[in-house]
Amino acid sequence: MIVTRALTKAYGRTIAVNAVDLDVREGDRYGFLGPNGSGKTTLVRMLLGLVYATSGEIEVLGEPVPKRVAEVLPDVGALVEGPAAYPHLSGRRNLALLDAAGRGGGRRTRRRRIDDALDQVGLGGVDQRPVKAYSLGMRQRLGLAGALLRKPRLLILDEPTNGLDPQGIKEIRELLTALNAGGTTVFLSSHLLAEVEQLCTRVGVVDRGRLVIQEDLAALRAETGRVLVGTPDPGAAAAVLDGQLEAREGDRLVIRHADPAALNALLVEAGVRVTSIHAEQRTLEQVVLDLTGPGSDRFGAAG
Ligand SMILES: Nc1ncnc2c1ncn2[C@@H]1O[C@H](COP(=O)(O)OP(=O)(O)OP(=O)(O)O)[C@@H](O)[C@H]1O
């Protein structure tokens, strides 16, 4: 759906995007994760033909961008930094203008399209108020509603949850997951590890303009070969597991073992009571820290 090859953008001596090879596949919920200033917005704008690359190539929905961007855009819903709206008009009126300006979708069905989009983002009840009375979160949702008007095959969203409270973030996450289940490919940028971890199926991590990893989240979070065991008999368990015990903290043990089921059988057979047992997985935070080193506290860990 989105492919870039050695995509580069320099502003003078600043290389905002540095030889990025992006590969977003149909059906992905792709999280483009990086700290502030790492080049996310610049890349998103290049994908939409709003900024020209210094070098490299871009394909969106199989077409070269910016060369054929006019053909591509009707199938793409986009939300880029601070969605613009006429402040004195209602959300509905803003969407009507947007809908009239775009291609595809006749006048007769406009009202239905706008109702659907407003309902999808949870603005159905407030659409008569002027946008200047909206909170930042409501403006962000209105921007998203605009991106949904044409039932796009691909959504390209730059920090879509900026300005939203935790409930709003959850609603957007549920909405994007539902749209994705209905066949829409979702590409979003974020500086929030937790957001990407909760929402995405595939992750690209960008650090100072460079894509340092691109991988399915499930593969990134591969099991570590350790099993976490909770037991009221930690002493007895430690005796059974001589040599495999890596750490012990109260009634929680970390054991080097590949198979939780086999380990459970072993413990139970030895008379050790087990209250919980599961394979340890790496978190996205650990993966990113390993990749980007000490500077990576620039990533926001909190959702
Ligand atoms: N129009 C511009 N002129 C000069 N430098 C720019 C321009 N736009 C971006 N930059 C620089 O390019 C780098 C990447 O910026 P960009 O906005 O793409 O990062 P970002 O990851 O989207 O960050 P943020 O989340 O803060 O928007 C930064 O060093 C920024 O200062």
# chains A, B, ... in the order shown; residues from 1 in each chain; ligands from 1

$ select_by_dssp --residues "region 42-123 of chain A" --states "strand (DSSP E or B)" --output "list in words"
Ser55, Gly56, Glu57, Ile58, Glu59, Val60, Glu63, Pro64, Val76, Gly77, Ala78, Leu79 and Ser90 of chain A

$ write_last_selection --atoms "N, CA and C atoms" --output "PDB file, in the first residue's frame"
ATOM      1  N   SER A  55      15.476  13.074  -2.519  1.00  0.00           N
ATOM      2  CA  SER A  55      15.778  11.934  -3.385  1.00  0.00           C
ATOM      3  C   SER A  55      14.992  10.723  -2.898  1.00  0.00           C
ATOM      4  N   GLY A  56      14.990   9.683  -3.721  1.00  0.00           N
ATOM      5  CA  GLY A  56      14.263   8.464  -3.367  1.00  0.00           C
ATOM      6  C   GLY A  56      12.914   8.405  -4.066  1.00  0.00           C
ATOM      7  N   GLU A  57      12.204   7.291  -3.824  1.00  0.00           N
ATOM      8  CA  GLU A  57      10.933   7.062  -4.510  1.00  0.00           C
ATOM      9  C   GLU A  57       9.818   6.744  -3.523  1.00  0.00           C
ATOM     10  N   ILE A  58       8.597   7.065  -3.952  1.00  0.00           N
ATOM     11  CA  ILE A  58       7.400   6.776  -3.142  1.00  0.00           C
ATOM     12  C   ILE A  58       6.349   6.144  -4.031  1.00  0.00           C
ATOM     13  N   GLU A  59       5.739   5.075  -3.541  1.00  0.00           N
ATOM     14  CA  GLU A  59       4.544   4.524  -4.183  1.00  0.00           C
ATOM     15  C   GLU A  59       3.443   4.423  -3.147  1.00  0.00           C
ATOM     16  N   VAL A  60       2.283   4.953  -3.479  1.00  0.00           N
ATOM     17  CA  VAL A  60       1.117   4.809  -2.609  1.00  0.00           C
ATOM     18  C   VAL A  60       0.014   4.162  -3.439  1.00  0.00           C
ATOM     19  N   GLU A  63       0.858   3.566  -7.054  1.00  0.00           N
ATOM     20  CA  GLU A  63       1.128   4.668  -7.985  1.00  0.00           C
ATOM     21  C   GLU A  63       2.284   5.526  -7.470  1.00  0.00           C
ATOM     22  N   PRO A  64       3.082   6.060  -8.389  1.00  0.00           N
ATOM     23  CA  PRO A  64       4.180   6.924  -7.948  1.00  0.00           C
ATOM     24  C   PRO A  64       3.666   8.274  -7.437  1.00  0.00           C
ATOM     25  N   VAL A  76      -7.466   7.813  -0.357  1.00  0.00           N
ATOM     26  CA  VAL A  76      -6.675   7.962   0.863  1.00  0.00           C
ATOM     27  C   VAL A  76      -7.354   8.976   1.778  1.00  0.00           C
ATOM     28  N   GLY A  77      -7.557   8.595   3.034  1.00  0.00           N
ATOM     29  CA  GLY A  77      -8.017   9.554   4.034  1.00  0.00           C
ATOM     30  C   GLY A  77      -6.801  10.014   4.807  1.00  0.00           C
ATOM     31  N   ALA A  78      -6.641  11.335   4.951  1.00  0.00           N
ATOM     32  CA  ALA A  78      -5.429  11.829   5.599  1.00  0.00           C
ATOM     33  C   ALA A  78      -5.758  12.804   6.713  1.00  0.00           C
ATOM     34  N   LEU A  79      -4.938  12.754   7.741  1.00  0.00           N
ATOM     35  CA  LEU A  79      -5.036  13.719   8.833  1.00  0.00           C
ATOM     36  C   LEU A  79      -3.606  14.130   9.166  1.00  0.00           C
ATOM     37  N   SER A  90     -20.058  25.202  11.829  1.00  0.00           N
ATOM     38  CA  SER A  90     -20.216  23.956  12.596  1.00  0.00           C
ATOM     39  C   SER A  90     -19.347  22.860  11.987  1.00  0.00           C
TER      40      SER A  90
END

$ residues_near_ligand --ligand "ligand 1" --cutoff "6 Å" --atoms "only C-alpha atoms and all ligand atoms" --output "tab-separated table (two decimals) with C-alpha atoms, in the first residue's frame"
chain	number	residue	atom	x	y	z
A	11	TYR	CA	16.39	20.95	4.82
A	16	ALA	CA	14.94	15.18	8.30
A	35	PRO	CA	10.40	10.80	19.18
A	36	ASN	CA	9.52	14.41	18.41
A	37	GLY	CA	11.70	15.82	15.66
A	38	SER	CA	12.65	12.42	14.23
A	39	GLY	CA	11.10	13.18	10.83
A	40	LYS	CA	7.63	11.64	11.05
A	41	THR	CA	5.66	14.66	9.91
A	42	THR	CA	8.07	15.30	7.04

$ select_by_dssp --residues "region 61-104 of chain A" --states "helix (DSSP H, G or I)" --output "count of residues only"
18

$ closest_residue --among "A:Leu48, A:Ala247, A:Asp165, A:Glu26" --to "Arg68 (chain A)" --atoms "only C-alpha atoms"
A:Leu48

$ closest_atom_pairs --of "region 163-263 of chain A" --to "region 131-139 of chain A" --cutoff "12 Å" --atoms "only C-alpha atoms" --output "JSON lines"
{"residue": "A:Gly163", "atom": "CA", "partner": "A:Gly137", "partner_atom": "CA", "distance": 5.2}
{"residue": "A:Leu164", "atom": "CA", "partner": "A:Gly137", "partner_atom": "CA", "distance": 4.6}
{"residue": "A:Asp165", "atom": "CA", "partner": "A:Gly137", "partner_atom": "CA", "distance": 7.4}
{"residue": "A:Pro166", "atom": "CA", "partner": "A:Gly137", "partner_atom": "CA", "distance": 10.6}
{"residue": "A:Gln167", "atom": "CA", "partner": "A:Gly137", "partner_atom": "CA", "distance": 10.5}
{"residue": "A:Gly168", "atom": "CA", "partner": "A:Gly137", "partner_atom": "CA", "distance": 7.3}
{"residue": "A:Ile169", "atom": "CA", "partner": "A:Gly137", "partner_atom": "CA", "distance": 9.2}
{"residue": "A:Glu171", "atom": "CA", "partner": "A:Gly137", "partner_atom": "CA", "distance": 11.3}
{"residue": "A:Ile172", "atom": "CA", "partner": "A:Gly137", "partner_atom": "CA", "distance": 10.5}

$ write_last_selection --atoms "N, CA and C atoms" --output "mmCIF file, in the first residue's frame"
data_model
loop_
_atom_site.group_PDB
_atom_site.id
_atom_site.type_symbol
_atom_site.label_atom_id
_atom_site.label_comp_id
_atom_site.auth_asym_id
_atom_site.auth_seq_id
_atom_site.Cartn_x
_atom_site.Cartn_y
_atom_site.Cartn_z
ATOM 1 N N GLY A 163 -3.785 15.528 21.771
ATOM 2 C CA GLY A 163 -4.803 16.383 22.379
ATOM 3 C C GLY A 163 -6.008 15.631 22.913
ATOM 4 N N LEU A 164 -6.033 14.321 22.766
ATOM 5 C CA LEU A 164 -7.179 13.560 23.269
ATOM 6 C C LEU A 164 -6.898 13.059 24.689
ATOM 7 N N ASP A 165 -7.963 12.962 25.488
ATOM 8 C CA ASP A 165 -7.804 12.394 26.822
ATOM 9 C C ASP A 165 -7.847 10.859 26.700
ATOM 10 N N PRO A 166 -7.534 10.140 27.789
ATOM 11 C CA PRO A 166 -7.448 8.666 27.679
ATOM 12 C C PRO A 166 -8.707 8.029 27.097
ATOM 13 N N GLN A 167 -9.876 8.549 27.460
ATOM 14 C CA GLN A 167 -11.109 7.987 26.906
ATOM 15 C C GLN A 167 -11.178 8.231 25.391
ATOM 16 N N GLY A 168 -10.811 9.443 24.980
ATOM 17 C CA GLY A 168 -10.807 9.775 23.549
ATOM 18 C C GLY A 168 -9.812 8.911 22.787
ATOM 19 N N ILE A 169 -8.654 8.667 23.392
ATOM 20 C CA ILE A 169 -7.636 7.828 22.757
ATOM 21 C C ILE A 169 -8.176 6.416 22.564
ATOM 22 N N GLU A 171 -11.297 5.544 22.292
ATOM 23 C CA GLU A 171 -12.323 5.532 21.253
ATOM 24 C C GLU A 171 -11.712 5.547 19.854
ATOM 25 N N ILE A 172 -10.676 6.349 19.686
ATOM 26 C CA ILE A 172 -10.015 6.395 18.372
ATOM 27 C C ILE A 172 -9.377 5.033 18.067
#

$ closest_residue --among "A:Ala181, A:Val240, A:Leu33, A:Leu175" --to "Leu263 (chain A)" --atoms "only C-alpha atoms"
A:Val240

$ residues_around --residues "Gly106 (chain A)" --least-positions-apart "5" --cutoff "12 Å" --atoms "only C-alpha atoms" --output "PyMOL selection string"
chain A and resi 96+99-101+111-113+149-150
